[in-house]
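Here is the file entry.pdb (PDB, C-alpha atoms).
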```pdb
ATOM      1  CA  MET A1020       0.000   0.000   0.000
ATOM      2  CA  LYS A1021       0.955   3.665  -0.293
ATOM      3  CA  ALA A1022       1.652   5.648   2.857
ATOM      4  CA  PHE A1023       3.320   8.900   3.856
ATOM      5  CA  VAL A1024       6.234   7.828   6.026
ATOM      6  CA  LEU A1025       8.250   9.878   8.497
ATOM      7  CA  ARG A1026      11.621   8.421   9.525
ATOM      8  CA  SER A1027      12.843  11.302  11.692
ATOM      9  CA  TYR A1028      11.553  14.584  13.083
ATOM     10  CA  GLY A1029      11.255  17.177  10.369
ATOM     11  CA  SER A1030       9.137  19.403   8.142
ATOM     12  CA  PRO A1031       6.253  18.516   5.798
ATOM     13  CA  GLY A1032       8.835  18.054   3.065
ATOM     14  CA  ASP A1033      10.362  15.185   5.031
ATOM     15  CA  LEU A1034       7.210  13.084   4.625
ATOM     16  CA  ARG A1035       7.795  10.514   1.889
ATOM     17  CA  LEU A1036       5.116   8.743  -0.147
ATOM     18  CA  THR A1037       6.335   5.146   0.079
ATOM     19  CA  ASP A1038       5.246   1.587  -0.612
ATOM     20  CA  VAL A1039       4.916  -0.310   2.669
ATOM     21  CA  ASP A1040       3.377  -3.612   3.678
ATOM     22  CA  ARG A1041      -0.346  -3.605   4.239
ATOM     23  CA  PRO A1042      -1.022  -4.169   7.963
ATOM     24  CA  VAL A1043      -2.728  -7.339   9.181
ATOM     25  CA  PRO A1044      -5.419  -6.964  11.863
ATOM     26  CA  GLY A1045      -4.592  -8.582  15.173
ATOM     27  CA  ASP A1046      -6.815  -9.646  18.028
ATOM     28  CA  GLY A1047      -9.556  -7.047  18.485
ATOM     29  CA  GLU A1048      -8.422  -5.002  15.477
ATOM     30  CA  VAL A1049     -10.148  -3.940  12.271
ATOM     31  CA  LEU A1050      -8.383  -3.337   8.956
ATOM     32  CA  VAL A1051      -9.883  -0.218   7.371
ATOM     33  CA  ARG A1052      -9.471   0.899   3.788
ATOM     34  CA  VAL A1053      -8.978   4.619   4.371
ATOM     35  CA  ARG A1054     -11.188   6.809   2.198
ATOM     36  CA  ALA A1055     -10.434  10.084   3.987
ATOM     37  CA  THR A1056      -8.348  11.481   6.818
ATOM     38  CA  SER A1057      -7.769  14.917   8.351
ATOM     39  CA  VAL A1058      -4.905  17.116   9.498
ATOM     40  CA  GLN A1059      -4.565  18.776  12.887
ATOM     41  CA  PRO A1060      -1.950  20.184  15.293
ATOM     42  CA  TYR A1061      -1.498  16.723  16.834
ATOM     43  CA  ASP A1062       0.012  15.566  13.535
ATOM     44  CA  TRP A1063       2.462  18.366  12.950
ATOM     45  CA  HIS A1064       3.602  18.460  16.590
ATOM     46  CA  HIS A1065       4.598  14.810  16.199
ATOM     47  CA  MET A1066       6.103  15.419  12.777
ATOM     48  CA  ARG A1067       8.409  18.131  14.111
ATOM     49  CA  GLY A1068       8.897  16.624  17.566
ATOM     50  CA  GLN A1069       7.855  19.885  19.175
ATOM     51  CA  PRO A1070       7.833  21.118  21.829
ATOM     52  CA  TYR A1071      11.361  19.801  22.249
ATOM     53  CA  VAL A1072      10.842  19.134  25.960
ATOM     54  CA  ALA A1073       8.375  16.372  25.043
ATOM     55  CA  ARG A1074      11.152  14.403  23.344
ATOM     56  CA  LEU A1075      12.659  13.773  26.766
ATOM     57  CA  MET A1076       9.477  12.210  28.111
ATOM     58  CA  GLY A1077       9.253   9.103  25.968
ATOM     59  CA  GLY A1078       5.936   7.946  24.584
ATOM     60  CA  THR A1079       4.505   9.334  21.397
ATOM     61  CA  LEU A1080       6.818  12.325  21.196
ATOM     62  CA  GLY A1081       9.820  10.597  22.709
ATOM     63  CA  PRO A1082      12.973   9.365  20.977
ATOM     64  CA  ARG A1083      12.229   7.476  17.793
ATOM     65  CA  GLY A1084      13.321   3.922  17.230
ATOM     66  CA  PRO A1085      14.273   2.419  13.878
ATOM     67  CA  LYS A1086      10.729   1.744  12.719
ATOM     68  CA  ILE A1087       8.862   4.070  10.392
ATOM     69  CA  ASP A1088       6.117   6.399  11.556
ATOM     70  CA  ILE A1089       2.831   6.955   9.722
ATOM     71  CA  LEU A1090       0.935   9.943  11.085
ATOM     72  CA  GLY A1091      -2.780  10.647  10.749
ATOM     73  CA  ALA A1092      -5.036  10.527  13.811
ATOM     74  CA  ASP A1093      -8.467  10.488  12.137
ATOM     75  CA  ILE A1094      -9.886   8.145   9.538
ATOM     76  CA  ALA A1095     -13.084   7.333   7.684
ATOM     77  CA  GLY A1096     -13.416   4.385   5.345
ATOM     78  CA  GLN A1097     -14.625   0.862   4.818
ATOM     79  CA  VAL A1098     -13.839  -2.287   6.766
ATOM     80  CA  GLU A1099     -11.572  -4.537   4.698
ATOM     81  CA  ALA A1100     -11.029  -7.352   7.219
ATOM     82  CA  VAL A1101     -11.412  -8.056  10.931
ATOM     83  CA  GLY A1102      -9.171  -9.783  13.435
ATOM     84  CA  ALA A1103     -10.062 -12.360  16.044
ATOM     85  CA  ASN A1104     -12.727 -11.462  18.617
ATOM     86  CA  VAL A1105     -14.085  -8.502  16.649
ATOM     87  CA  THR A1106     -17.871  -8.555  17.031
ATOM     88  CA  LYS A1107     -19.143  -5.111  16.035
ATOM     89  CA  PHE A1108     -17.921  -4.841  12.441
ATOM     90  CA  ARG A1109     -17.678  -6.888   9.278
ATOM     91  CA  PRO A1110     -16.118  -6.303   5.834
ATOM     92  CA  GLY A1111     -17.860  -3.597   3.860
ATOM     93  CA  ASP A1112     -19.063  -1.569   6.868
ATOM     94  CA  GLU A1113     -18.547   2.191   6.581
ATOM     95  CA  VAL A1114     -16.780   3.454   9.699
ATOM     96  CA  TYR A1115     -14.950   6.401  11.208
ATOM     97  CA  GLY A1116     -12.550   6.542  14.109
ATOM     98  CA  MET A1117      -9.493   7.850  15.892
ATOM     99  CA  PRO A1118      -6.502   5.487  15.706
ATOM    100  CA  ARG A1119      -4.117   8.398  16.547
ATOM    101  CA  ARG A1120      -1.577   6.983  14.065
ATOM    102  CA  GLY A1121      -1.707   5.489  10.588
ATOM    103  CA  GLY A1122      -4.320   7.622   8.825
ATOM    104  CA  PHE A1123      -1.928   8.948   6.189
ATOM    105  CA  ALA A1124      -2.063   5.618   4.361
ATOM    106  CA  GLU A1125      -4.357   3.579   2.152
ATOM    107  CA  TYR A1126      -5.040   1.035   4.926
ATOM    108  CA  VAL A1127      -4.776   1.152   8.706
ATOM    109  CA  CYS A1128      -5.445  -1.259  11.566
ATOM    110  CA  VAL A1129      -7.695   0.240  14.219
ATOM    111  CA  ARG A1130      -8.821  -1.193  17.547
ATOM    112  CA  GLU A1131     -12.499  -2.037  17.569
ATOM    113  CA  ASP A1132     -13.085   0.349  20.491
ATOM    114  CA  GLU A1133     -11.669   3.271  18.462
ATOM    115  CA  LEU A1134     -14.270   2.903  15.692
ATOM    116  CA  ALA A1135     -17.957   3.600  15.167
ATOM    117  CA  PRO A1136     -20.322   3.362  12.189
ATOM    118  CA  LYS A1137     -20.011   6.388   9.920
ATOM    119  CA  PRO A1138     -22.872   8.829  10.506
ATOM    120  CA  HIS A1139     -25.631   8.648   7.895
ATOM    121  CA  GLY A1140     -25.622  11.641   5.593
ATOM    122  CA  LEU A1141     -21.926  12.459   5.940
ATOM    123  CA  SER A1142     -19.386  11.931   3.192
ATOM    124  CA  PHE A1143     -16.152  10.162   4.071
ATOM    125  CA  GLU A1144     -14.389  13.537   4.042
ATOM    126  CA  GLN A1145     -16.915  15.053   6.444
ATOM    127  CA  ALA A1146     -16.723  12.026   8.741
ATOM    128  CA  ALA A1147     -12.921  12.151   8.803
ATOM    129  CA  ALA A1148     -13.127  15.735  10.076
ATOM    130  CA  VAL A1149     -14.938  14.654  13.223
ATOM    131  CA  PRO A1150     -13.077  12.220  15.530
ATOM    132  CA  MET A1151     -10.208  13.955  17.329
ATOM    133  CA  ALA A1152     -11.509  17.525  17.181
ATOM    134  CA  ALA A1153     -15.108  16.734  18.099
ATOM    135  CA  CYS A1154     -14.130  14.198  20.786
ATOM    136  CA  THR A1155     -11.853  16.854  22.297
ATOM    137  CA  ALA A1156     -14.691  19.377  22.317
ATOM    138  CA  LEU A1157     -17.062  16.820  23.855
ATOM    139  CA  LEU A1158     -14.512  15.869  26.505
ATOM    140  CA  GLY A1159     -13.838  19.511  27.314
ATOM    141  CA  LEU A1160     -17.450  20.577  27.612
ATOM    142  CA  ARG A1161     -19.330  17.563  28.942
ATOM    143  CA  ASP A1162     -16.784  15.494  30.865
ATOM    144  CA  ALA A1163     -14.159  17.984  32.062
ATOM    145  CA  GLY A1164     -16.305  21.108  31.946
ATOM    146  CA  ARG A1165     -19.513  19.584  33.377
ATOM    147  CA  ILE A1166     -21.634  21.792  31.157
ATOM    148  CA  GLU A1167     -25.280  22.292  32.094
ATOM    149  CA  SER A1168     -28.252  23.752  30.294
ATOM    150  CA  GLY A1169     -28.368  27.495  30.911
ATOM    151  CA  HIS A1170     -24.621  27.849  31.452
ATOM    152  CA  LYS A1171     -22.822  30.780  29.900
ATOM    153  CA  VAL A1172     -19.937  29.323  27.899
ATOM    154  CA  LEU A1173     -16.995  31.130  26.316
ATOM    155  CA  VAL A1174     -15.105  29.340  23.538
ATOM    156  CA  ASN A1175     -11.705  30.919  22.894
ATOM    157  CA  GLY A1176     -10.566  29.879  19.423
ATOM    158  CA  ALA A1177     -14.111  29.340  18.202
ATOM    159  CA  SER A1178     -13.310  29.108  14.487
ATOM    160  CA  GLY A1179     -10.735  26.303  14.605
ATOM    161  CA  GLY A1180     -11.219  22.558  14.380
ATOM    162  CA  VAL A1181     -12.085  22.006  18.042
ATOM    163  CA  GLY A1182     -13.751  25.395  18.384
ATOM    164  CA  THR A1183     -16.315  24.941  15.615
ATOM    165  CA  PHE A1184     -17.435  21.665  17.185
ATOM    166  CA  ALA A1185     -17.395  23.193  20.690
ATOM    167  CA  VAL A1186     -19.704  26.057  19.727
ATOM    168  CA  GLN A1187     -22.232  23.635  18.249
ATOM    169  CA  LEU A1188     -21.999  21.173  21.130
ATOM    170  CA  ALA A1189     -22.430  23.890  23.755
ATOM    171  CA  GLN A1190     -25.573  25.089  22.005
ATOM    172  CA  ALA A1191     -26.846  21.504  21.748
ATOM    173  CA  PHE A1192     -26.367  21.150  25.514
ATOM    174  CA  GLY A1193     -28.537  24.207  26.094
ATOM    175  CA  ALA A1194     -25.816  26.726  26.914
ATOM    176  CA  LYS A1195     -25.563  30.363  25.863
ATOM    177  CA  VAL A1196     -22.384  30.520  23.784
ATOM    178  CA  THR A1197     -19.924  33.342  23.172
ATOM    179  CA  GLY A1198     -17.153  32.704  20.651
ATOM    180  CA  VAL A1199     -13.775  34.427  20.398
ATOM    181  CA  CYS A1200     -12.338  34.586  16.875
ATOM    182  CA  GLY A1201     -10.946  36.908  14.222
ATOM    183  CA  PRO A1202     -13.167  39.258  12.198
ATOM    184  CA  ARG A1203     -13.228  37.165   9.023
ATOM    185  CA  ASN A1204     -14.803  34.222  10.881
ATOM    186  CA  ALA A1205     -17.333  36.121  12.999
ATOM    187  CA  ASP A1206     -20.304  35.395  10.721
ATOM    188  CA  LEU A1207     -19.436  31.703  10.562
ATOM    189  CA  VAL A1208     -19.196  31.410  14.345
ATOM    190  CA  ARG A1209     -22.590  33.073  14.714
ATOM    191  CA  SER A1210     -24.074  30.794  12.082
ATOM    192  CA  ILE A1211     -23.082  27.645  13.977
ATOM    193  CA  GLY A1212     -24.603  28.726  17.269
ATOM    194  CA  ALA A1213     -22.759  31.532  19.045
ATOM    195  CA  GLN A1214     -25.148  34.144  20.424
ATOM    196  CA  GLU A1215     -22.267  36.594  20.813
ATOM    197  CA  VAL A1216     -18.881  36.911  19.114
ATOM    198  CA  ILE A1217     -15.794  38.714  20.431
ATOM    199  CA  ASP A1218     -13.277  39.911  17.848
ATOM    200  CA  TYR A1219      -9.913  39.265  19.501
ATOM    201  CA  THR A1220      -8.218  41.842  17.259
ATOM    202  CA  ARG A1221     -10.356  44.610  18.781
ATOM    203  CA  GLN A1222     -11.179  43.412  22.279
ATOM    204  CA  ASP A1223      -9.428  41.503  25.061
ATOM    205  CA  PHE A1224     -12.051  38.990  26.187
ATOM    206  CA  THR A1225     -10.499  38.834  29.658
ATOM    207  CA  ARG A1226     -11.377  42.526  30.165
ATOM    208  CA  SER A1227     -14.903  42.448  28.783
ATOM    209  CA  GLY A1228     -16.494  42.562  32.232
ATOM    210  CA  GLN A1229     -18.572  39.467  31.422
ATOM    211  CA  ARG A1230     -18.563  36.341  33.565
ATOM    212  CA  TYR A1231     -18.946  32.788  32.307
ATOM    213  CA  ASP A1232     -19.622  29.439  33.932
ATOM    214  CA  LEU A1233     -17.236  27.670  31.556
ATOM    215  CA  LEU A1234     -14.262  28.769  29.470
ATOM    216  CA  LEU A1235     -13.070  26.319  26.819
ATOM    217  CA  ASP A1236      -9.638  27.664  25.915
ATOM    218  CA  ASN A1237      -8.352  26.416  22.570
ATOM    219  CA  ALA A1238      -6.118  29.352  21.711
ATOM    220  CA  GLY A1239      -4.239  29.921  24.967
ATOM    221  CA  GLY A1240      -3.459  33.519  24.113
ATOM    222  CA  ARG A1241      -4.144  34.826  27.622
ATOM    223  CA  SER A1242      -2.553  33.887  30.927
ATOM    224  CA  ALA A1243      -4.358  31.814  33.534
ATOM    225  CA  PRO A1244      -4.727  34.759  35.969
ATOM    226  CA  ALA A1245      -6.247  36.850  33.159
ATOM    227  CA  CYS A1246      -8.682  34.073  32.262
ATOM    228  CA  ARG A1247      -9.861  33.917  35.870
ATOM    229  CA  ARG A1248     -11.393  37.361  35.407
ATOM    230  CA  VAL A1249     -14.032  35.996  33.024
ATOM    231  CA  LEU A1250     -15.143  33.103  35.227
ATOM    232  CA  THR A1251     -17.802  32.995  37.896
ATOM    233  CA  HIS A1252     -16.704  32.046  41.395
ATOM    234  CA  GLY A1253     -17.350  28.351  40.797
ATOM    235  CA  GLY A1254     -16.634  28.434  37.071
ATOM    236  CA  THR A1255     -14.435  26.023  35.129
ATOM    237  CA  HIS A1256     -11.418  26.782  32.947
ATOM    238  CA  VAL A1257     -10.833  23.941  30.488
ATOM    239  CA  VAL A1258      -7.420  24.010  28.810
ATOM    240  CA  VAL A1259      -7.347  22.434  25.348
ATOM    241  CA  GLY A1260      -4.515  24.097  23.475
ATOM    242  CA  GLY A1261      -2.078  26.935  23.587
ATOM    243  CA  PRO A1262       0.403  28.951  21.579
ATOM    244  CA  ALA A1263       2.824  26.800  19.598
ATOM    245  CA  GLY A1264       6.524  26.902  20.377
ATOM    246  CA  ARG A1265       9.705  24.958  19.758
ATOM    247  CA  TRP A1266      10.870  24.379  23.316
ATOM    248  CA  LEU A1267       7.995  24.300  25.793
ATOM    249  CA  GLN A1268       4.723  25.562  24.314
ATOM    250  CA  PRO A1269       1.905  24.627  24.263
ATOM    251  CA  ALA A1270       2.743  22.240  27.119
ATOM    252  CA  GLY A1271       4.125  25.091  29.210
ATOM    253  CA  HIS A1272       0.893  27.051  28.981
ATOM    254  CA  ALA A1273      -1.156  24.022  30.018
ATOM    255  CA  PHE A1274       1.101  23.160  32.970
ATOM    256  CA  ALA A1275       1.210  26.768  34.198
ATOM    257  CA  THR A1276      -2.580  27.003  34.058
ATOM    258  CA  LEU A1277      -3.099  23.699  35.872
ATOM    259  CA  ALA A1278      -0.573  24.703  38.551
ATOM    260  CA  LEU A1279      -2.829  27.610  39.483
ATOM    261  CA  GLY A1280      -5.810  25.336  40.079
ATOM    262  CA  PRO A1281      -5.270  24.453  43.768
ATOM    263  CA  PHE A1282      -5.036  28.123  44.712
ATOM    264  CA  VAL A1283      -8.158  29.549  43.075
ATOM    265  CA  PRO A1284     -11.902  29.043  43.617
ATOM    266  CA  GLN A1285     -12.470  28.061  39.989
ATOM    267  CA  ARG A1286     -11.876  24.577  38.602
ATOM    268  CA  VAL A1287      -8.931  24.283  36.211
ATOM    269  CA  VAL A1288      -8.814  21.099  34.119
ATOM    270  CA  LEU A1289      -7.103  19.751  31.007
ATOM    271  CA  ALA A1290      -9.007  18.177  28.105
ATOM    272  CA  ASP A1291      -6.598  15.669  26.551
ATOM    273  CA  VAL A1292      -8.478  13.202  24.396
ATOM    274  CA  VAL A1293      -5.365  11.292  23.300
ATOM    275  CA  GLY A1294      -5.095   9.322  26.518
ATOM    276  CA  CYS A1295      -8.827   8.897  27.066
ATOM    277  CA  PRO A1296     -10.397   5.433  27.067
ATOM    278  CA  ASP A1297     -13.680   4.570  25.402
ATOM    279  CA  ILE A1298     -13.359   6.645  22.256
ATOM    280  CA  ARG A1299     -16.129   4.548  20.718
ATOM    281  CA  SER A1300     -18.780   5.771  23.173
ATOM    282  CA  ARG A1301     -17.859   9.377  22.421
ATOM    283  CA  LEU A1302     -18.058   8.737  18.688
ATOM    284  CA  LEU A1303     -21.498   7.191  19.138
ATOM    285  CA  THR A1304     -22.646  10.288  21.049
ATOM    286  CA  LEU A1305     -21.334  12.501  18.256
ATOM    287  CA  THR A1306     -23.071  10.334  15.673
ATOM    288  CA  GLU A1307     -26.413  10.831  17.441
ATOM    289  CA  LEU A1308     -25.922  14.602  17.427
ATOM    290  CA  ILE A1309     -24.844  14.637  13.776
ATOM    291  CA  GLU A1310     -27.785  12.536  12.646
ATOM    292  CA  ALA A1311     -30.123  14.741  14.695
ATOM    293  CA  GLY A1312     -28.845  17.808  12.844
ATOM    294  CA  SER A1313     -27.187  19.377  15.902
ATOM    295  CA  LEU A1314     -23.594  18.992  14.717
ATOM    296  CA  THR A1315     -22.034  19.596  11.304
ATOM    297  CA  PRO A1316     -18.323  19.496  10.436
ATOM    298  CA  VAL A1317     -16.898  22.787   9.189
ATOM    299  CA  ILE A1318     -14.311  22.123   6.476
ATOM    300  CA  ASP A1319     -11.812  24.725   5.373
ATOM    301  CA  ARG A1320      -9.938  22.908   2.591
ATOM    302  CA  ARG A1321      -9.805  19.530   0.902
ATOM    303  CA  TYR A1322      -6.609  18.024  -0.485
ATOM    304  CA  PRO A1323      -5.904  14.863  -2.488
ATOM    305  CA  PHE A1324      -3.817  12.150  -0.823
ATOM    306  CA  GLU A1325      -0.668  13.058  -2.743
ATOM    307  CA  GLN A1326      -0.738  16.588  -1.279
ATOM    308  CA  ILE A1327      -0.674  15.682   2.416
ATOM    309  CA  PRO A1328       2.602  17.625   2.932
ATOM    310  CA  ASP A1329       0.903  20.744   1.499
ATOM    311  CA  ALA A1330      -2.084  20.205   3.789
ATOM    312  CA  ILE A1331       0.159  19.987   6.864
ATOM    313  CA  ALA A1332       2.085  23.087   5.801
ATOM    314  CA  TYR A1333      -1.228  24.969   5.556
ATOM    315  CA  ALA A1334      -2.319  23.656   8.955
ATOM    316  CA  GLU A1335       0.916  24.889  10.533
ATOM    317  CA  GLU A1336       0.064  28.439   9.499
ATOM    318  CA  GLY A1337      -2.697  28.336  12.125
ATOM    319  CA  HIS A1338      -5.356  30.115  10.097
ATOM    320  CA  ALA A1339      -7.635  27.247   9.075
ATOM    321  CA  THR A1340     -11.349  27.711   9.662
ATOM    322  CA  GLY A1341     -12.643  24.376  10.897
ATOM    323  CA  LYS A1342     -10.922  21.266   9.570
ATOM    324  CA  ILE A1343      -8.540  20.312   6.758
ATOM    325  CA  VAL A1344      -9.438  16.988   5.160
ATOM    326  CA  ILE A1345      -7.677  14.591   2.792
ATOM    327  CA  THR A1346      -9.333  12.377   0.183
ATOM    328  CA  VAL A1347      -7.372   9.108   0.210
ATOM    329  CA  GLY A1348      -9.221   6.829  -2.203
ATOM    330  CA  ALA A1349     -12.132   6.926  -4.594
TER     331      ALA A1349
END
```

Written as structure tokens, how would this file's structure read?
Amino acid sequence: MKAFVLRSYGSPGDLRLTDVDRPVPGDGEVLVRVRATSVQPYDWHHMRGQPYVARLMGGTLGPRGPKIDILGADIAGQVEAVGANVTKFRPGDEVYGMPRRGGFAEYVCVREDELAPKPHGLSFEQAAAVPMAACTALLGLRDAGRIESGHKVLVNGASGGVGTFAVQLAQAFGAKVTGVCGPRNADLVRSIGAQEVIDYTRQDFTRSGQRYDLLLDNAGGRSAPACRRVLTHGGTHVVVGGPAGRWLQPAGHAFATLALGPFVPQRVVLADVVGCPDIRSRLLTLTELIEAGSLTPVIDRRYPFEQIPDAIAYAEEGHATGKIVITVGA
């Protein structure tokens, strides 16, 4: 099969389209013919090995061994084969999921509990835009943020991949949503459910005088003490992302914000979907919302499979509205 392979940390130009062996599904795994995938910060952080401090920690960003690396956290496609003890899928099923690795290829093996049936009415490209970004938004709002109907919710970074899902999810949960974004995306953010929009180029949301029950912070452009000013006494600050950097960021922003938690009356929590169990149940929740018309992927650009390096380069610029998707096969 064809796959974009990364053999060492580097730039989009270091990804090589290569022939590699098609994977064989093991116990509890499903072999998926990838029809579409998507690009997100998770991919290019791992491609570049940044922030550098993460290389010292081992794990997914730690020192690389001799084996090749195929990035691509999200997939949508068709089941090609199933391994032993797989009970929920059979060849030909249309699925989507979050394997975290392997999506930049024609085939990928995915654990059964990382997959769900593709939502009816979505194309493969639309479905591939959902898993990591929408699961992160769901984790941040429902699980970490404990959102309730009637809450006032502020989404900082409302026009990005996570943000566009977060605005829609918060509205679906009955919250009053304010989105923070740039002026060119204000109309979009309103159209997907934000009752109010703050233009960050003209106004510092931490000095607006408004108070919110929940802040979902995707952008990380303001310090933790500044963000406290917008929260109610018992409000929750959910950290999702932060400013990119070579050495410490965005990890440094997240750690600094969490370190403040024990000393303030507000809750401060991190929404990290990568290490979360039970991805399948979250995907099934998202599927219900999509099929009910409460959630729609926002797609900025589509690229063909051969242009994955170009798609990642565009993603690194940080200006995408919604998601960047890749068509892998016809």

- [ ] To verify the selection step, state as a count of residues only which residues the PyMOL selection byres ((chain A and resi 1337-1341) around 7) yields on this input.
- [x] 11

Task: Nearest-residue call for Asp1218 (chain A), choices A:Glu1048, A:Glu1144, A:Glu1131, A:Asp1206, using only C-alpha atoms - done: A:Asp1206

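Relative to CA of Thr1155 (chain A), CA of Lys1171 (chain A) is found at 19.3 Å.
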
Task: Separation of CA of Arg1119 (chain A) from CA of Pro1138 (chain A) in Å - done: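 Between these atoms lies a distance of 19.7 Å.
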
TODO: Name every residue that the PyMOL selection byres ((chain A and resi 1315) around 10) selects in this structure, writing the answer as a PyMOL selection string with chains first and numbers rising.
DONE: chain A and resi 1141+1145-1146+1148-1149+1183-1184+1187-1188+1211+1305+1308-1310+1312-1314+1316-1318

- [ ] To verify the selection step, state as a PyMOL selection string which residues the PyMOL selection byres ((chain A and resi 1193) around 9) yields on this input.
- [x] chain A and resi 1166-1170+1188-1192+1194-1195

Using only C-alpha atoms, please write the residues we just selected to a file, as a CSV table (one decimal), in the coordinates of the input.
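The resulting file, out.csv, is reproduced below:
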```
chain,number,residue,atom,x,y,z
A,1166,ILE,CA,-21.6,21.8,31.2
A,1167,GLU,CA,-25.3,22.3,32.1
A,1168,SER,CA,-28.3,23.8,30.3
A,1169,GLY,CA,-28.4,27.5,30.9
A,1170,HIS,CA,-24.6,27.8,31.5
A,1188,LEU,CA,-22.0,21.2,21.1
A,1189,ALA,CA,-22.4,23.9,23.8
A,1190,GLN,CA,-25.6,25.1,22.0
A,1191,ALA,CA,-26.8,21.5,21.7
A,1192,PHE,CA,-26.4,21.2,25.5
A,1194,ALA,CA,-25.8,26.7,26.9
A,1195,LYS,CA,-25.6,30.4,25.9
```

- [ ] Can you work out which one of A:Val1129, A:Asn1237, A:Thr1197, A:Arg1203 has the shortest atom-to-atom distance to Val1249 (chain A), counting only C-alpha atoms?
- [x]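 Counting only C-alpha atoms, the residue closest to Val1249 (chain A) is A:Thr1197.
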
May I have the protein, DNA and RNA residues with any atom at most 12 Å from the point (-8.8, 40.3, 26.7), counting only C-alpha atoms, written as a short mmCIF file (atom, residue, chain, number, x, y, z; two decimals) with C-alpha atoms, in the coordinates of the input?
```cif
data_model
loop_
_atom_site.label_atom_id
_atom_site.label_comp_id
_atom_site.auth_asym_id
_atom_site.auth_seq_id
_atom_site.Cartn_x
_atom_site.Cartn_y
_atom_site.Cartn_z
CA ASN A 1175 -11.70 30.92 22.89
CA VAL A 1199 -13.78 34.43 20.40
CA CYS A 1200 -12.34 34.59 16.88
CA ILE A 1217 -15.79 38.71 20.43
CA ASP A 1218 -13.28 39.91 17.85
CA TYR A 1219 -9.91 39.26 19.50
CA THR A 1220 -8.22 41.84 17.26
CA ARG A 1221 -10.36 44.61 18.78
CA GLN A 1222 -11.18 43.41 22.28
CA ASP A 1223 -9.43 41.50 25.06
CA PHE A 1224 -12.05 38.99 26.19
CA THR A 1225 -10.50 38.83 29.66
CA ARG A 1226 -11.38 42.53 30.16
CA SER A 1227 -14.90 42.45 28.78
CA GLY A 1228 -16.49 42.56 32.23
CA GLN A 1229 -18.57 39.47 31.42
CA GLY A 1239 -4.24 29.92 24.97
CA GLY A 1240 -3.46 33.52 24.11
CA ARG A 1241 -4.14 34.83 27.62
CA SER A 1242 -2.55 33.89 30.93
CA ALA A 1243 -4.36 31.81 33.53
CA PRO A 1244 -4.73 34.76 35.97
CA ALA A 1245 -6.25 36.85 33.16
CA CYS A 1246 -8.68 34.07 32.26
CA ARG A 1247 -9.86 33.92 35.87
CA ARG A 1248 -11.39 37.36 35.41
CA VAL A 1249 -14.03 36.00 33.02
#
```

Local residues around (-20.0, 2.5, 7.0), at most 8 Å away, using all atoms listed in the file, as a PDB file with C-alpha atoms, keeping the file's coordinate frame:
```pdb
ATOM      1  CA  GLY A1096     -13.416   4.385   5.345  1.00  0.00           C
ATOM      2  CA  GLN A1097     -14.625   0.862   4.818  1.00  0.00           C
ATOM      3  CA  VAL A1098     -13.839  -2.287   6.766  1.00  0.00           C
ATOM      4  CA  GLY A1111     -17.860  -3.597   3.860  1.00  0.00           C
ATOM      5  CA  ASP A1112     -19.063  -1.569   6.868  1.00  0.00           C
ATOM      6  CA  GLU A1113     -18.547   2.191   6.581  1.00  0.00           C
ATOM      7  CA  VAL A1114     -16.780   3.454   9.699  1.00  0.00           C
ATOM      8  CA  TYR A1115     -14.950   6.401  11.208  1.00  0.00           C
ATOM      9  CA  PRO A1136     -20.322   3.362  12.189  1.00  0.00           C
ATOM     10  CA  LYS A1137     -20.011   6.388   9.920  1.00  0.00           C
ATOM     11  CA  PRO A1138     -22.872   8.829  10.506  1.00  0.00           C
TER      12      PRO A1138
END
```

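With CA of Ala1213 (chain A) on one side and CA of Gly1253 (chain A) on the other, the separation reads 22.6 Å.
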
Sorted by chain and rising residue number, which residues of region 1141-1181 of chain A lie within 12 Å of region 1088-1091 of chain A, and what are their closest atom pairs and distances in Å to one decimal, counting all atoms listed in the file, as CSV?
```
residue,atom,partner,partner_atom,distance
A:Ala1147,CA,A:Gly1091,CA,10.4
A:Ala1148,CA,A:Gly1091,CA,11.5
A:Pro1150,CA,A:Gly1091,CA,11.5
A:Met1151,CA,A:Gly1091,CA,10.5
```

Task: Selected residue of minimal separation from Ala1100 (chain A) among A:Gly1254, A:Gly1294, A:Pro1060, A:Pro1044, counting only C-alpha atoms - done: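 Once distances to Ala1100 (chain A) are computed over only C-alpha atoms, the minimum belongs to A:Pro1044.
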
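Counting all atoms listed in the file and comparing A:Ser1027, A:Gln1214, A:Thr1255, A:Thr1306, the residue that lies closest to Leu1233 (chain A) is A:Thr1255.
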
- [ ] For each of A:Gly1348, A:Gly1176, A:Gly1159, A:Gly1182, take the minimum atom-to-atom distance to Val1287 (chain A), counting only C-alpha atoms, then give the residue where this is smallest.
- [x]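 Of all the options, A:Gly1159 lies closest to Val1287 (chain A).
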
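With distances taken over all atoms listed in the file, A:Gly1047 is the one residue among A:Gly1032, A:Pro1328, A:Gly1047, A:Pro1296 lying closest to Val1101 (chain A).
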
Open item on the list: Residues within 8 Å of Val1053 (chain A), please, as JSON, numbers by chain. Count all atoms listed in the file; anything in the same chain fewer than 4 positions from it doesn't count.
Closed with: {"A": [1094, 1095, 1096, 1097, 1122, 1124, 1125, 1126, 1127, 1347, 1348]}
